[in-house]
Amino acid sequence: MSEPSKTPLLDRVHIPADLRNFSAEQLKQLADELRTETIDAVAKTGGHLGAGLGVVELTVAIHAVFDTPADRLIWDVGHQAYPHKILTGRRDRIRTLRQAGGLSGFTKRAESEYDPFGAAHSSTSISAGLGMAVARDLKGDKNNVICVIGDGAMSAGMAYEAMNNAGARNERLIVILNDNDMSIAPPVGAMSAYLARLGSGATYLKLRDVGKQLTKHLPKSWDRAITRAVEHARGYVMGGTLFEEMGFYYCGPIDGHNLDHLLPILRNVRDAEIGPILVHVVTQKGKGYGPAETSADKYHGVVKFDVATGAQAKSKGGAPQYTRVFADALIKEARKDDKIVAITAAMPSGTGLDLFQQEFPARTFDVGIAEQHAVTFAAGLATEGFKPFCAIYSTFLQRAYDQVVHDVAIQKLPVRFAIDRAGLVGADGPTHAGAFDTAFLGCLPNFVLMAAADEAELTNMVATCAAIDDRPSAVRYPRGEGTGAIIPAAAMPLEIGKGRVLREGHKVALLSYGTRLGEALKAADELAAHGLSTTVADARFAKPLDLDLVLRLAREHEVLVTVEEGSVGGFGSFVMQALAEHGAFDAGLKFRAMVLPDVFIDQDTPAAMYALAGLDAKGIVTKVFEALGKDATAETVKLA
Ligand SMILES: Cc1ncc(C[n+]2csc(CCOP(=O)(O)OP(=O)(O)O)c2C)c(N)n1
Ligand SMILES: CC(=O)[C@@H](O)[C@H](O)COP(=O)(O)O
Ligand SMILES: [Mg+2]
């Protein structure tokens with residue numbers, strides 16, 4: 001006799017249409033079951049838990065009230081969309097989350113018709129939603145468009161650009177602000193304080209209450225009119241909400257866990273012929289799971305864990321994380337130089353600046369999810385003689401490219417960029433890959449670009465950035481653990497534009513940039529076993545290039561191969577450009593630049609992704625054989 005299901009109602013829901021005839025009481029039970037399922041699934045896969053737990057009731061209410069997928073539902077960032085995925089035909093695959101061949105950890109168009117827009121980088125939902133709403137109007141369609149955006153994501157400028165445009169158009173668009181009072185980091189900036197004031201304003205609440213009492217017994221049409229009048233009255237009393245000033249009808253704040261509130265209000269909003277409307281819901285990140293509710297980060301991002309205790313799987317405790325090595329190195333530099341300051345865009349723990357902040361609270365700045373502002377804010381600091389370290393993941397730095405060019409590079413300001421998550425990141429997949437920073441920074445005049453091959457190199461490169469005070473500089477390093485290299489007690493700035501040779505040979509030269517060096521050394525061993533004497537060098541700098549080293553390697557070897565954790569247009573391209581300009585190809589040099597393939601690689605472990613990209617030792621050996629015209633087959637390339 002099999003155990004009775006823990007989720008009898010959820011078992012009946014394969015797509016949202018299956019829940020639309022549920023009563024309010026059944027929807028409440030469904031929400032509880034959905035929360036249980038979400039916790040159980042993420043305990044097995046790891047991933048983003050807190051955000052999804054905070055929107056369980058909201059997810060149920062939205063799919064109950066709106067006719068998804070005809071009504072377009074866009075989740076900002078998308079890390080909170082696991083409950084949404086479970087309700088929209090993907091419960092059977094939810095335990096493949098963020099694994100090779102499995103579900104994405106974010107919304108993804110290719111994955112489901114219920115994901116009308118892919119996400120992962122924050123604050124895009126209102127822009128995309130406005131686009132869909134305008135398209136609907138142009139087509140003469142009638143569907144709703146709903147954007148769910150968090151308070152953190154609401155701190156990015158792009159959200160305001162979109163609201164400004166939507167408000168000016170009086171577009172029929174629904175924005176649900178999911179205000180859980182913090183993102184990964186405690187709330188930053190005036191917005192969070194403003195939202196709190198709105199939520200607790202006694203005048204506001206009294207007005208709302210008056211409004212509610214008044215409208216309780218009126219026909220629905222009056223309800224809307226009265227609601228509007230109350231909003232206006234409140235607006236005058238409170239000087240109008242920011243959202244109303246931007247042309248939105250504001251509704252809230254309401255309890256985002258109370259289906260008795262959510263359902264009628266969302267129905268009203270659905271049926272309103274007006275827009276744009278912003279519904280402000282207040283939720284609790286990690287809601288309904290004790291270990292998440294009591295944890296400082298609300299279990300924002302977790303590894304596999306034990307449901308009963310919340311205890312997360314311990315890492316096997318190898319070499320230190322690169323992020324930690326960076327933080328320790330920067331702290332040591334800052335102890336010597338009080339002009340060093342550090343900036344993060346809402347990722348203090350991800351970048352390690354939470355550690356820096358513990359020692360230097362007045363010299364640490366978390367600007368919210370605002371990378372563009374972070375870069376130009378750092379530029380401003382640099383104009384006044386400070387030494388700003390802007391710690392931004394490679395992928396998120398993409399958002400601030402014009403600020404890097406226009407405000408930093410052209411003005412040759414000594415902003416230092418600590419580019420974490422460089423290269424492939426694993427479970428977060430293509431949206432978070434740090435594939436392009438070498439390409440998009442290396443083409444900028446005045447920049448110094450470095451890539452750390454290990455944690456010792458990273459330590460010295462942080463010191464090098466600290467010492468470069470006449471132009472911008474950047475050091476890139478990957479997500480995850482180092483190699484176990486001995487970290488120097490006293491960091492030494494490197495000679496700018498100089499690489500290093502780790503092994504001398506005379507037939508093949510492997511020139512690595514970044515942490516592919518380990519694979520290059522393994523490849524050299526394999527090549528030597530085939531009688532191919534191989535030099536291995538670490539470029540250290542993509543800009544300025546070590547021209548002497550590059551030209552020597554080209555002159556003294558039959559084959560020169562570069563390898564990097566980045567796209568075409570980066571280090572290998574810079575080397576190719578230099579070789580071409582110096583006629584190094586004229587004598588028949590066999591040159592290959594090994595880069596990431598011209599595709600977005602779906603999630604897997606980083607090692608598996610690099611193997612797929614051909615950027616492991618086996619791929620390097622194969623590339624050398626191909627350059628030599630030898631047939632590199634499985635038996636000739638013995639590497640695992
Ligand atoms: C452009 C960008 N910068 C940084 C991040 C990293 N990030 C992911 S979720 C998150 C916090 C989002 O906060 P909020 O919108 O309030 O969502 P919550 O996690 O609270 O549900 C951040 C900073 C990102 N996804 N995109
Ligand atoms: C959702 C989001 O963008 C962040 O939470 C990101 O997933 C963090 O990445 P790391 O796990 O590499 O810090
Ligand atoms: Mg939040």
# chains A, B, ... in the order shown; residues from 1 in each chain; ligands from 1

$ residues_around --residues "A:Gln29" --least-positions-apart "3" --cutoff "10 Å" --atoms "only C-alpha atoms" --output "list in words"
Thr7, Pro8, Leu9, Leu10, Ser23, Ala24, Glu25, Gln26, Asp32, Glu33, Leu34 and Arg35 of chain A

$ residues_around --residues "A:Tyr322" --least-positions-apart "4" --cutoff "8 Å" --atoms "only C-alpha atoms" --output "VMD selection string"
chain A and resid 326 455 458 477 to 482

$ residues_around --residues "stretch 132-143 of chain A" --least-positions-apart "6" --cutoff "10 Å" --atoms "only C-alpha atoms" --output "PDB file with C-alpha atoms, in the first residue's frame"
ATOM      1  CA  PHE A  66      -4.943  35.353 -15.173  1.00  0.00           C
ATOM      2  CA  ASP A  67      -5.298  33.237 -18.284  1.00  0.00           C
ATOM      3  CA  THR A  68      -1.653  32.254 -18.648  1.00  0.00           C
ATOM      4  CA  PRO A  69       0.005  31.630 -21.100  1.00  0.00           C
ATOM      5  CA  ALA A  70      -2.328  33.835 -23.187  1.00  0.00           C
ATOM      6  CA  ASP A  71      -1.855  36.439 -20.475  1.00  0.00           C
ATOM      7  CA  ARG A  72       1.900  37.014 -20.509  1.00  0.00           C
ATOM      8  CA  PRO A 116       7.320  34.479 -22.540  1.00  0.00           C
ATOM      9  CA  PHE A 117      10.643  36.124 -21.644  1.00  0.00           C
ATOM     10  CA  ILE A 126       8.906  45.991 -17.275  1.00  0.00           C
ATOM     11  CA  ALA A 166       4.750  52.957 -19.707  1.00  0.00           C
ATOM     12  CA  ARG A 169       1.725  55.889 -22.716  1.00  0.00           C
ATOM     13  CA  GLU A 171      -0.347  51.498 -21.322  1.00  0.00           C
ATOM     14  CA  ARG A 172      -2.535  48.675 -20.030  1.00  0.00           C
ATOM     15  CA  LEU A 173       0.255  46.866 -18.187  1.00  0.00           C
ATOM     16  CA  ILE A 174       0.345  45.284 -14.734  1.00  0.00           C
ATOM     17  CA  ARG A 270      -7.184  42.117 -14.343  1.00  0.00           C
TER      18      ARG A 270
END

$ closest_atom_pairs --of "chain A" --to "ligand 1" --cutoff "8 Å" --atoms "only C-alpha atoms and all ligand atoms" --output "JSON lines"
{"residue": "A:Gly50", "atom": "CA", "partner": "ligand 1", "partner_atom_place_in_ligand_line": "19 (O)", "distance": 7.1}
{"residue": "A:Ala51", "atom": "CA", "partner": "ligand 1", "partner_atom_place_in_ligand_line": "21 (O)", "distance": 4.0}
{"residue": "A:Gly52", "atom": "CA", "partner": "ligand 1", "partner_atom_place_in_ligand_line": "21 (O)", "distance": 7.1}
{"residue": "A:Gly54", "atom": "CA", "partner": "ligand 1", "partner_atom_place_in_ligand_line": "21 (O)", "distance": 7.0}
{"residue": "A:Val55", "atom": "CA", "partner": "ligand 1", "partner_atom_place_in_ligand_line": "21 (O)", "distance": 7.9}
{"residue": "A:Asp76", "atom": "CA", "partner": "ligand 1", "partner_atom_place_in_ligand_line": "15 (O)", "distance": 7.0}
{"residue": "A:Val77", "atom": "CA", "partner": "ligand 1", "partner_atom_place_in_ligand_line": "25 (N)", "distance": 5.5}
{"residue": "A:His79", "atom": "CA", "partner": "ligand 1", "partner_atom_place_in_ligand_line": "9 (S)", "distance": 6.7}
{"residue": "A:Gln80", "atom": "CA", "partner": "ligand 1", "partner_atom_place_in_ligand_line": "21 (O)", "distance": 6.1}
{"residue": "A:Ala120", "atom": "CA", "partner": "ligand 1", "partner_atom_place_in_ligand_line": "25 (N)", "distance": 5.1}
{"residue": "A:His121", "atom": "CA", "partner": "ligand 1", "partner_atom_place_in_ligand_line": "26 (N)", "distance": 3.5}
{"residue": "A:Ser122", "atom": "CA", "partner": "ligand 1", "partner_atom_place_in_ligand_line": "26 (N)", "distance": 3.9}
{"residue": "A:Ser123", "atom": "CA", "partner": "ligand 1", "partner_atom_place_in_ligand_line": "1 (C)", "distance": 6.9}
{"residue": "A:Ile149", "atom": "CA", "partner": "ligand 1", "partner_atom_place_in_ligand_line": "15 (O)", "distance": 5.9}
{"residue": "A:Gly150", "atom": "CA", "partner": "ligand 1", "partner_atom_place_in_ligand_line": "15 (O)", "distance": 3.3}
{"residue": "A:Asp151", "atom": "CA", "partner": "ligand 1", "partner_atom_place_in_ligand_line": "16 (O)", "distance": 4.0}
{"residue": "A:Gly152", "atom": "CA", "partner": "ligand 1", "partner_atom_place_in_ligand_line": "16 (O)", "distance": 3.3}
{"residue": "A:Ala153", "atom": "CA", "partner": "ligand 1", "partner_atom_place_in_ligand_line": "15 (O)", "distance": 3.7}
{"residue": "A:Met154", "atom": "CA", "partner": "ligand 1", "partner_atom_place_in_ligand_line": "15 (O)", "distance": 6.5}
{"residue": "A:Ala156", "atom": "CA", "partner": "ligand 1", "partner_atom_place_in_ligand_line": "1 (C)", "distance": 7.8}
{"residue": "A:Asn178", "atom": "CA", "partner": "ligand 1", "partner_atom_place_in_ligand_line": "21 (O)", "distance": 7.0}
{"residue": "A:Asp179", "atom": "CA", "partner": "ligand 1", "partner_atom_place_in_ligand_line": "16 (O)", "distance": 6.6}
{"residue": "A:Asn180", "atom": "CA", "partner": "ligand 1", "partner_atom_place_in_ligand_line": "20 (O)", "distance": 5.6}
{"residue": "A:Asp181", "atom": "CA", "partner": "ligand 1", "partner_atom_place_in_ligand_line": "16 (O)", "distance": 7.1}
{"residue": "A:Met182", "atom": "CA", "partner": "ligand 1", "partner_atom_place_in_ligand_line": "20 (O)", "distance": 5.4}
{"residue": "A:Ser183", "atom": "CA", "partner": "ligand 1", "partner_atom_place_in_ligand_line": "13 (O)", "distance": 3.6}
{"residue": "A:Ile184", "atom": "CA", "partner": "ligand 1", "partner_atom_place_in_ligand_line": "11 (C)", "distance": 5.0}
{"residue": "A:Ala185", "atom": "CA", "partner": "ligand 1", "partner_atom_place_in_ligand_line": "11 (C)", "distance": 7.5}
{"residue": "A:Lys285", "atom": "CA", "partner": "ligand 1", "partner_atom_place_in_ligand_line": "20 (O)", "distance": 6.3}
{"residue": "A:His300", "atom": "CA", "partner": "ligand 1", "partner_atom_place_in_ligand_line": "19 (O)", "distance": 6.5}
{"residue": "A:Ala345", "atom": "CA", "partner": "ligand 1", "partner_atom_place_in_ligand_line": "4 (C)", "distance": 6.7}
{"residue": "A:Ala346", "atom": "CA", "partner": "ligand 1", "partner_atom_place_in_ligand_line": "23 (C)", "distance": 4.8}
{"residue": "A:Met347", "atom": "CA", "partner": "ligand 1", "partner_atom_place_in_ligand_line": "23 (C)", "distance": 5.7}
{"residue": "A:Gly368", "atom": "CA", "partner": "ligand 1", "partner_atom_place_in_ligand_line": "23 (C)", "distance": 7.3}
{"residue": "A:Ile369", "atom": "CA", "partner": "ligand 1", "partner_atom_place_in_ligand_line": "3 (N)", "distance": 5.2}
{"residue": "A:Ala370", "atom": "CA", "partner": "ligand 1", "partner_atom_place_in_ligand_line": "3 (N)", "distance": 7.1}
{"residue": "A:Glu371", "atom": "CA", "partner": "ligand 1", "partner_atom_place_in_ligand_line": "1 (C)", "distance": 6.9}
{"residue": "A:Phe396", "atom": "CA", "partner": "ligand 1", "partner_atom_place_in_ligand_line": "1 (C)", "distance": 5.2}
{"residue": "A:Arg399", "atom": "CA", "partner": "ligand 1", "partner_atom_place_in_ligand_line": "1 (C)", "distance": 6.6}

$ closest_residue --among "A:Ala617, A:Val425, A:Leu413, A:Met450" --to "ligand 2" --atoms "only C-alpha atoms and all ligand atoms"
A:Val425

$ select_by_dssp --residues "stretch 559-608 of chain A" --states "alpha helix (DSSP H)" --output "short mmCIF file (atom, residue, chain, number, x, y, z; two decimals) with N, CA and C atoms, in the first residue's frame"
data_model
loop_
_atom_site.label_atom_id
_atom_site.label_comp_id
_atom_site.auth_asym_id
_atom_site.auth_seq_id
_atom_site.Cartn_x
_atom_site.Cartn_y
_atom_site.Cartn_z
N PHE A 571 41.89 37.72 -25.86
CA PHE A 571 43.35 37.61 -25.79
C PHE A 571 43.95 37.06 -27.08
N GLY A 572 43.41 35.95 -27.57
CA GLY A 572 43.96 35.34 -28.79
C GLY A 572 43.92 36.30 -29.96
N SER A 573 42.89 37.11 -30.03
CA SER A 573 42.77 38.08 -31.13
C SER A 573 43.83 39.17 -31.01
N PHE A 574 44.08 39.57 -29.75
CA PHE A 574 45.09 40.62 -29.56
C PHE A 574 46.47 40.06 -29.96
N VAL A 575 46.73 38.80 -29.61
CA VAL A 575 48.01 38.18 -29.97
C VAL A 575 48.12 38.08 -31.49
N MET A 576 47.01 37.66 -32.12
CA MET A 576 47.01 37.49 -33.58
C MET A 576 47.31 38.84 -34.25
N GLN A 577 46.67 39.88 -33.72
CA GLN A 577 46.86 41.23 -34.27
C GLN A 577 48.33 41.62 -34.18
N ALA A 578 48.93 41.38 -33.04
CA ALA A 578 50.34 41.75 -32.84
C ALA A 578 51.24 40.93 -33.74
N LEU A 579 50.99 39.63 -33.85
CA LEU A 579 51.83 38.78 -34.71
C LEU A 579 51.72 39.22 -36.17
N ALA A 580 50.50 39.52 -36.57
CA ALA A 580 50.29 39.94 -37.97
C ALA A 580 51.03 41.24 -38.24
N GLU A 581 50.91 42.17 -37.30
CA GLU A 581 51.54 43.48 -37.50
C GLU A 581 53.06 43.38 -37.55
N PRO A 606 31.40 23.47 -14.49
CA PRO A 606 32.36 24.22 -15.32
C PRO A 606 33.32 23.30 -16.09
N ALA A 607 33.78 22.24 -15.41
CA ALA A 607 34.74 21.33 -16.08
C ALA A 607 34.10 20.69 -17.31
N ALA A 608 32.84 20.28 -17.17
CA ALA A 608 32.16 19.64 -18.31
C ALA A 608 31.94 20.65 -19.43
#
